[in-house]
Amino acid sequence: ERNECITRLADADGDVIVLQVERPITLTDESATVQDVIPSETGEAQTIMITIGSATDLPGRYAAVIGGFSIEPTSDRDDYGVRLAPRPAQSDSSLLVYALGVNNRLDPGIVSDLGQCDDAGRRGCEDVPSFDGAGVIFNGAIRVIGDRFDAGMRITDAAQHYLQVLSFSSTTHGDYALILLGASAPRDSP
């Protein structure tokens, strides 16, 4: 809504994206990155809409890291509305949403109308690849790296889905980040 994006290379230069089945990607091209800082507001809760897409309408993959969240106290729950755009949904792409504990032993879970996921890649979430050892290492040495206890959800249609992130057992707490992995489809796709 504010339409203020940071695309200066210095903000992302040296950040490393680590995916499990590929070599790590070190960001060096400012045209391939964008950053937005949403200031914390005090008072009533607000709805913030984030749209991810290609500025040039070209197809490609993306990884979005959204941080600054916390489960505190252990009974805390955070709600998110997530939707895969129609073109990627029609071209058989999917959106993977992961909740990763950041520098802690938070065992996050995700509950939605699609089901419940405690550990991506296992325990009822076999259709979501594990994020163990994957994530982002920011140039400031902040590490958002998944482990086998992090949760994930796969979205394959263009419907709005409501996800709730919580401590799976309500006994752990701490900071977490959301990582979204998806792709933008070419304009001529169905």
# chains A, B, ... in the order shown; residues from 1 in each chain; ligands from 1

call {"tool": "closest_atom_pairs", "arguments": {"of": "region 55-119 of chain A", "to": "region 148-169 of chain A", "cutoff": "9 Å", "atoms": "only C-alpha atoms", "output": "JSON lines"}}
result
{"residue": "A:Ile71", "atom": "CA", "partner": "A:Leu166", "partner_atom": "CA", "distance": 6.8}
{"residue": "A:Thr74", "atom": "CA", "partner": "A:Ser167", "partner_atom": "CA", "distance": 6.3}
{"residue": "A:Ser75", "atom": "CA", "partner": "A:Ser167", "partner_atom": "CA", "distance": 7.1}
{"residue": "A:Asp76", "atom": "CA", "partner": "A:Leu166", "partner_atom": "CA", "distance": 6.4}
{"residue": "A:Arg77", "atom": "CA", "partner": "A:Leu166", "partner_atom": "CA", "distance": 4.8}
{"residue": "A:Asp78", "atom": "CA", "partner": "A:Val165", "partner_atom": "CA", "distance": 5.2}
{"residue": "A:Asp79", "atom": "CA", "partner": "A:Gln164", "partner_atom": "CA", "distance": 4.5}
{"residue": "A:Tyr80", "atom": "CA", "partner": "A:Leu163", "partner_atom": "CA", "distance": 5.1}
{"residue": "A:Gly81", "atom": "CA", "partner": "A:Tyr162", "partner_atom": "CA", "distance": 4.5}
{"residue": "A:Val82", "atom": "CA", "partner": "A:His161", "partner_atom": "CA", "distance": 5.3}
{"residue": "A:Arg83", "atom": "CA", "partner": "A:Gln160", "partner_atom": "CA", "distance": 4.7}
{"residue": "A:Leu84", "atom": "CA", "partner": "A:Ala158", "partner_atom": "CA", "distance": 4.9}
{"residue": "A:Ala85", "atom": "CA", "partner": "A:Ala158", "partner_atom": "CA", "distance": 5.6}
{"residue": "A:Pro86", "atom": "CA", "partner": "A:Ala158", "partner_atom": "CA", "distance": 5.2}
{"residue": "A:Arg87", "atom": "CA", "partner": "A:Ala158", "partner_atom": "CA", "distance": 8.5}
{"residue": "A:Pro88", "atom": "CA", "partner": "A:Ala158", "partner_atom": "CA", "distance": 8.4}
{"residue": "A:Ala89", "atom": "CA", "partner": "A:Asp157", "partner_atom": "CA", "distance": 5.1}
{"residue": "A:Gln90", "atom": "CA", "partner": "A:Asp157", "partner_atom": "CA", "distance": 7.7}
{"residue": "A:Asp92", "atom": "CA", "partner": "A:Thr156", "partner_atom": "CA", "distance": 7.2}
{"residue": "A:Ser93", "atom": "CA", "partner": "A:Thr156", "partner_atom": "CA", "distance": 6.7}
{"residue": "A:Ser94", "atom": "CA", "partner": "A:Thr156", "partner_atom": "CA", "distance": 4.6}
{"residue": "A:Leu95", "atom": "CA", "partner": "A:Ile155", "partner_atom": "CA", "distance": 5.1}
{"residue": "A:Leu96", "atom": "CA", "partner": "A:Arg154", "partner_atom": "CA", "distance": 4.7}
{"residue": "A:Val97", "atom": "CA", "partner": "A:Met153", "partner_atom": "CA", "distance": 5.2}
{"residue": "A:Tyr98", "atom": "CA", "partner": "A:Gly152", "partner_atom": "CA", "distance": 4.2}
{"residue": "A:Ala99", "atom": "CA", "partner": "A:Ala151", "partner_atom": "CA", "distance": 5.4}
{"residue": "A:Leu100", "atom": "CA", "partner": "A:Asp150", "partner_atom": "CA", "distance": 5.3}
{"residue": "A:Gly101", "atom": "CA", "partner": "A:Asp150", "partner_atom": "CA", "distance": 7.0}
{"residue": "A:Arg105", "atom": "CA", "partner": "A:Phe149", "partner_atom": "CA", "distance": 8.7}
{"residue": "A:Leu106", "atom": "CA", "partner": "A:Ser167", "partner_atom": "CA", "distance": 6.8}
{"residue": "A:Asp107", "atom": "CA", "partner": "A:Phe149", "partner_atom": "CA", "distance": 5.6}
{"residue": "A:Pro108", "atom": "CA", "partner": "A:Ser167", "partner_atom": "CA", "distance": 4.7}
{"residue": "A:Gly109", "atom": "CA", "partner": "A:Phe168", "partner_atom": "CA", "distance": 4.7}
{"residue": "A:Ile110", "atom": "CA", "partner": "A:Val165", "partner_atom": "CA", "distance": 4.7}
{"residue": "A:Val111", "atom": "CA", "partner": "A:Gln164", "partner_atom": "CA", "distance": 5.2}
{"residue": "A:Ser112", "atom": "CA", "partner": "A:Leu163", "partner_atom": "CA", "distance": 4.7}
{"residue": "A:Asp113", "atom": "CA", "partner": "A:His161", "partner_atom": "CA", "distance": 6.8}
{"residue": "A:Leu114", "atom": "CA", "partner": "A:His161", "partner_atom": "CA", "distance": 7.8}
{"residue": "A:Gly115", "atom": "CA", "partner": "A:Met153", "partner_atom": "CA", "distance": 8.6}
{"residue": "A:Gln116", "atom": "CA", "partner": "A:Met153", "partner_atom": "CA", "distance": 8.2}
{"residue": "A:Cys117", "atom": "CA", "partner": "A:Ala151", "partner_atom": "CA", "distance": 5.7}
{"residue": "A:Asp118", "atom": "CA", "partner": "A:Ala151", "partner_atom": "CA", "distance": 5.0}
{"residue": "A:Asp119", "atom": "CA", "partner": "A:Ala151", "partner_atom": "CA", "distance": 4.7}

call {"tool": "residues_around", "arguments": {"residues": "region 13-18 of chain A", "least_positions_apart": "2", "cutoff": "7 Å", "atoms": "only C-alpha atoms", "output": "compact mmCIF listing (two decimals) with all heavy atoms, in the first residue's frame"}}
result
# COMPACT_ATOMS: atom_id res chain seq x y z
N LEU A 9 21.51 -2.41 -4.28
CA LEU A 9 22.28 -3.63 -4.18
C LEU A 9 22.86 -3.84 -2.78
O LEU A 9 22.89 -4.94 -2.27
CB LEU A 9 23.40 -3.62 -5.21
CG LEU A 9 24.33 -4.83 -5.23
CD1 LEU A 9 23.53 -6.09 -5.50
CD2 LEU A 9 25.41 -4.64 -6.27
N ALA A 10 23.29 -2.77 -2.12
CA ALA A 10 23.95 -2.91 -0.82
C ALA A 10 23.06 -3.58 0.21
O ALA A 10 23.53 -4.19 1.16
CB ALA A 10 24.41 -1.55 -0.31
N ASP A 11 21.75 -3.48 0.05
CA ASP A 11 20.84 -4.07 1.02
C ASP A 11 20.81 -5.60 0.96
O ASP A 11 20.52 -6.25 1.94
CB ASP A 11 19.44 -3.53 0.84
CG ASP A 11 19.37 -2.05 1.18
OD1 ASP A 11 19.96 -1.65 2.20
OD2 ASP A 11 18.75 -1.31 0.42
N GLN A 20 17.74 -27.01 -0.61
CA GLN A 20 18.30 -28.34 -0.36
C GLN A 20 18.86 -29.04 -1.59
O GLN A 20 19.85 -29.73 -1.49
CB GLN A 20 17.25 -29.22 0.28
CG GLN A 20 16.98 -28.80 1.71
CD GLN A 20 16.08 -29.77 2.40
OE1 GLN A 20 15.08 -30.16 1.85
NE2 GLN A 20 16.46 -30.15 3.60
N PRO A 24 24.00 -23.20 -3.24
CA PRO A 24 23.60 -21.91 -2.65
C PRO A 24 23.68 -20.79 -3.69
O PRO A 24 24.54 -20.79 -4.56
CB PRO A 24 24.61 -21.70 -1.53
CG PRO A 24 25.09 -23.08 -1.19
CD PRO A 24 25.07 -23.84 -2.48
N ILE A 25 22.77 -19.84 -3.59
CA ILE A 25 22.71 -18.70 -4.50
C ILE A 25 23.12 -17.46 -3.72
O ILE A 25 22.46 -17.09 -2.75
CB ILE A 25 21.29 -18.52 -5.06
CG1 ILE A 25 20.84 -19.78 -5.80
CG2 ILE A 25 21.21 -17.29 -5.95
CD1 ILE A 25 19.34 -19.83 -6.05
N THR A 26 24.22 -16.82 -4.13
CA THR A 26 24.65 -15.57 -3.50
C THR A 26 24.11 -14.42 -4.33
O THR A 26 24.36 -14.34 -5.53
CB THR A 26 26.18 -15.49 -3.42
OG1 THR A 26 26.65 -16.61 -2.65
CG2 THR A 26 26.63 -14.19 -2.75
N LEU A 27 23.36 -13.54 -3.70
CA LEU A 27 22.75 -12.43 -4.42
C LEU A 27 23.78 -11.36 -4.74
O LEU A 27 24.51 -10.90 -3.86
CB LEU A 27 21.61 -11.83 -3.59
CG LEU A 27 20.47 -12.80 -3.26
CD1 LEU A 27 19.42 -12.08 -2.43
CD2 LEU A 27 19.87 -13.40 -4.51
N THR A 28 23.83 -10.99 -6.01
CA THR A 28 24.75 -9.94 -6.45
C THR A 28 24.10 -9.01 -7.45
O THR A 28 24.68 -8.01 -7.83
CB THR A 28 26.00 -10.55 -7.13
OG1 THR A 28 25.58 -11.34 -8.24
CG2 THR A 28 26.79 -11.40 -6.15
N ALA A 134 17.98 -25.63 4.94
CA ALA A 134 17.73 -24.63 3.90
C ALA A 134 17.32 -23.31 4.54
O ALA A 134 16.92 -23.26 5.69
CB ALA A 134 16.65 -25.11 2.94
N GLY A 135 17.45 -22.22 3.79
CA GLY A 135 17.04 -20.92 4.29
C GLY A 135 17.84 -19.79 3.69
O GLY A 135 18.30 -19.88 2.56
N VAL A 136 18.03 -18.74 4.47
CA VAL A 136 18.73 -17.55 4.01
C VAL A 136 19.74 -17.13 5.06
O VAL A 136 19.45 -17.13 6.26
CB VAL A 136 17.74 -16.39 3.74
CG1 VAL A 136 18.47 -15.14 3.31
CG2 VAL A 136 16.71 -16.78 2.69
N ILE A 137 20.94 -16.78 4.56
CA ILE A 137 21.97 -16.20 5.43
C ILE A 137 22.15 -14.77 4.94
O ILE A 137 22.62 -14.53 3.82
CB ILE A 137 23.30 -16.98 5.33
CG1 ILE A 137 23.07 -18.44 5.70
CG2 ILE A 137 24.36 -16.34 6.24
CD1 ILE A 137 24.23 -19.35 5.36
N PHE A 138 21.74 -13.82 5.75
CA PHE A 138 21.82 -12.41 5.37
C PHE A 138 23.24 -11.90 5.54
O PHE A 138 23.99 -12.37 6.40
CB PHE A 138 20.84 -11.57 6.20
CG PHE A 138 19.41 -11.89 5.88
CD1 PHE A 138 18.68 -12.72 6.69
CD2 PHE A 138 18.80 -11.35 4.76
CE1 PHE A 138 17.36 -13.02 6.41
CE2 PHE A 138 17.48 -11.63 4.46
CZ PHE A 138 16.76 -12.48 5.29
N ASN A 139 23.59 -10.88 4.75
CA ASN A 139 24.96 -10.36 4.77
C ASN A 139 25.36 -9.81 6.13
O ASN A 139 26.52 -9.65 6.42
CB ASN A 139 25.18 -9.33 3.66
CG ASN A 139 24.28 -8.13 3.78
OD1 ASN A 139 23.78 -7.81 4.85
ND2 ASN A 139 24.05 -7.46 2.67

call {"tool": "atom_distance", "arguments": {"atom1": "CA of Gln35 (chain A)", "atom2": "CA of Thr51 (chain A)"}}
result
12.4 Å

call {"tool": "residues_around", "arguments": {"residues": "Gly60 (chain A)", "least_positions_apart": "2", "cutoff": "12 Å", "atoms": "only C-alpha atoms", "output": "PDB file with N, CA and C atoms, in the first residue's frame"}}
result
ATOM      1  N   ALA A  32      17.355  -8.316  -9.233  1.00  0.00           N
ATOM      2  CA  ALA A  32      16.676  -9.553  -8.855  1.00  0.00           C
ATOM      3  C   ALA A  32      16.239  -9.557  -7.402  1.00  0.00           C
ATOM      4  N   ILE A  52       3.469 -10.391  -4.336  1.00  0.00           N
ATOM      5  CA  ILE A  52       4.766 -10.754  -4.900  1.00  0.00           C
ATOM      6  C   ILE A  52       4.551 -11.084  -6.372  1.00  0.00           C
ATOM      7  N   GLY A  53       5.336 -10.458  -7.229  1.00  0.00           N
ATOM      8  CA  GLY A  53       5.210 -10.722  -8.655  1.00  0.00           C
ATOM      9  C   GLY A  53       6.433 -10.228  -9.394  1.00  0.00           C
ATOM     10  N   SER A  54       6.400 -10.330 -10.691  1.00  0.00           N
ATOM     11  CA  SER A  54       7.499  -9.896 -11.538  1.00  0.00           C
ATOM     12  C   SER A  54       7.226  -8.491 -12.047  1.00  0.00           C
ATOM     13  N   ALA A  55       8.170  -7.586 -11.844  1.00  0.00           N
ATOM     14  CA  ALA A  55       8.016  -6.213 -12.305  1.00  0.00           C
ATOM     15  C   ALA A  55       7.953  -6.140 -13.826  1.00  0.00           C
ATOM     16  N   THR A  56       8.567  -7.108 -14.510  1.00  0.00           N
ATOM     17  CA  THR A  56       8.609  -7.106 -15.972  1.00  0.00           C
ATOM     18  C   THR A  56       7.695  -8.170 -16.570  1.00  0.00           C
ATOM     19  N   ASP A  57       6.915  -8.834 -15.746  1.00  0.00           N
ATOM     20  CA  ASP A  57       5.988  -9.877 -16.167  1.00  0.00           C
ATOM     21  C   ASP A  57       6.687 -11.081 -16.792  1.00  0.00           C
ATOM     22  N   LEU A  58       7.952 -11.281 -16.476  1.00  0.00           N
ATOM     23  CA  LEU A  58       8.681 -12.453 -16.951  1.00  0.00           C
ATOM     24  C   LEU A  58       8.513 -13.591 -15.955  1.00  0.00           C
ATOM     25  N   TYR A  62      10.902 -17.350  -7.071  1.00  0.00           N
ATOM     26  CA  TYR A  62      11.227 -16.372  -6.031  1.00  0.00           C
ATOM     27  C   TYR A  62      11.251 -17.046  -4.665  1.00  0.00           C
ATOM     28  N   ALA A  63      11.991 -16.409  -3.779  1.00  0.00           N
ATOM     29  CA  ALA A  63      12.008 -16.763  -2.365  1.00  0.00           C
ATOM     30  C   ALA A  63      11.751 -15.469  -1.606  1.00  0.00           C
ATOM     31  N   PRO A  88      -0.068 -18.793 -11.857  1.00  0.00           N
ATOM     32  CA  PRO A  88       0.733 -19.918 -11.351  1.00  0.00           C
ATOM     33  C   PRO A  88      -0.129 -21.130 -10.973  1.00  0.00           C
ATOM     34  N   SER A  93       1.886 -24.700 -10.863  1.00  0.00           N
ATOM     35  CA  SER A  93       2.887 -24.275  -9.875  1.00  0.00           C
ATOM     36  C   SER A  93       2.253 -24.370  -8.491  1.00  0.00           C
ATOM     37  N   LEU A 181       8.171 -19.838  -1.093  1.00  0.00           N
ATOM     38  CA  LEU A 181       8.844 -20.238  -2.323  1.00  0.00           C
ATOM     39  C   LEU A 181       7.781 -20.433  -3.396  1.00  0.00           C
ATOM     40  N   GLY A 182       7.957 -19.743  -4.513  1.00  0.00           N
ATOM     41  CA  GLY A 182       6.971 -19.853  -5.585  1.00  0.00           C
ATOM     42  C   GLY A 182       7.566 -19.482  -6.917  1.00  0.00           C
ATOM     43  N   ALA A 183       6.707 -19.349  -7.908  1.00  0.00           N
ATOM     44  CA  ALA A 183       7.141 -18.998  -9.254  1.00  0.00           C
ATOM     45  C   ALA A 183       6.075 -18.140  -9.897  1.00  0.00           C
ATOM     46  N   SER A 184       6.517 -17.204 -10.733  1.00  0.00           N
ATOM     47  CA  SER A 184       5.580 -16.430 -11.537  1.00  0.00           C
ATOM     48  C   SER A 184       5.486 -17.112 -12.896  1.00  0.00           C
ATOM     49  N   ALA A 185       4.279 -17.256 -13.385  1.00  0.00           N
ATOM     50  CA  ALA A 185       4.047 -17.954 -14.644  1.00  0.00           C
ATOM     51  C   ALA A 185       4.114 -16.983 -15.826  1.00  0.00           C
ATOM     52  N   PRO A 186       4.514 -17.464 -17.002  1.00  0.00           N
ATOM     53  CA  PRO A 186       4.519 -16.589 -18.172  1.00  0.00           C
ATOM     54  C   PRO A 186       3.104 -16.152 -18.533  1.00  0.00           C
ATOM     55  N   ARG A 187       2.995 -14.997 -19.174  1.00  0.00           N
ATOM     56  CA  ARG A 187       1.694 -14.436 -19.517  1.00  0.00           C
ATOM     57  C   ARG A 187       0.865 -15.365 -20.385  1.00  0.00           C
TER      58      ARG A 187
END

call {"tool": "select_by_dssp", "arguments": {"residues": "region 61-160 of chain A", "states": "helix (DSSP H, G or I)", "output": "PyMOL selection string"}}
result
chain A and resi 86-90

call {"tool": "residues_around", "arguments": {"residues": "Gly133 (chain A)", "least_positions_apart": "4", "cutoff": "7 Å", "atoms": "only C-alpha atoms", "output": "PyMOL selection string"}}
result
chain A and resi 20+145-147

call {"tool": "residues_around", "arguments": {"residues": "Asp175 (chain A)", "least_positions_apart": "2", "cutoff": "9 Å", "atoms": "only C-alpha atoms", "output": "PyMOL selection string"}}
result
chain A and resi 67-72+100-104+106+173+177

call {"tool": "select_by_dssp", "arguments": {"residues": "region 27-134 of chain A", "states": "strand (DSSP E)", "output": "MDAnalysis selection string"}}
result
chainID A and resid 60:71 77:82 95:101 108:112 115:117
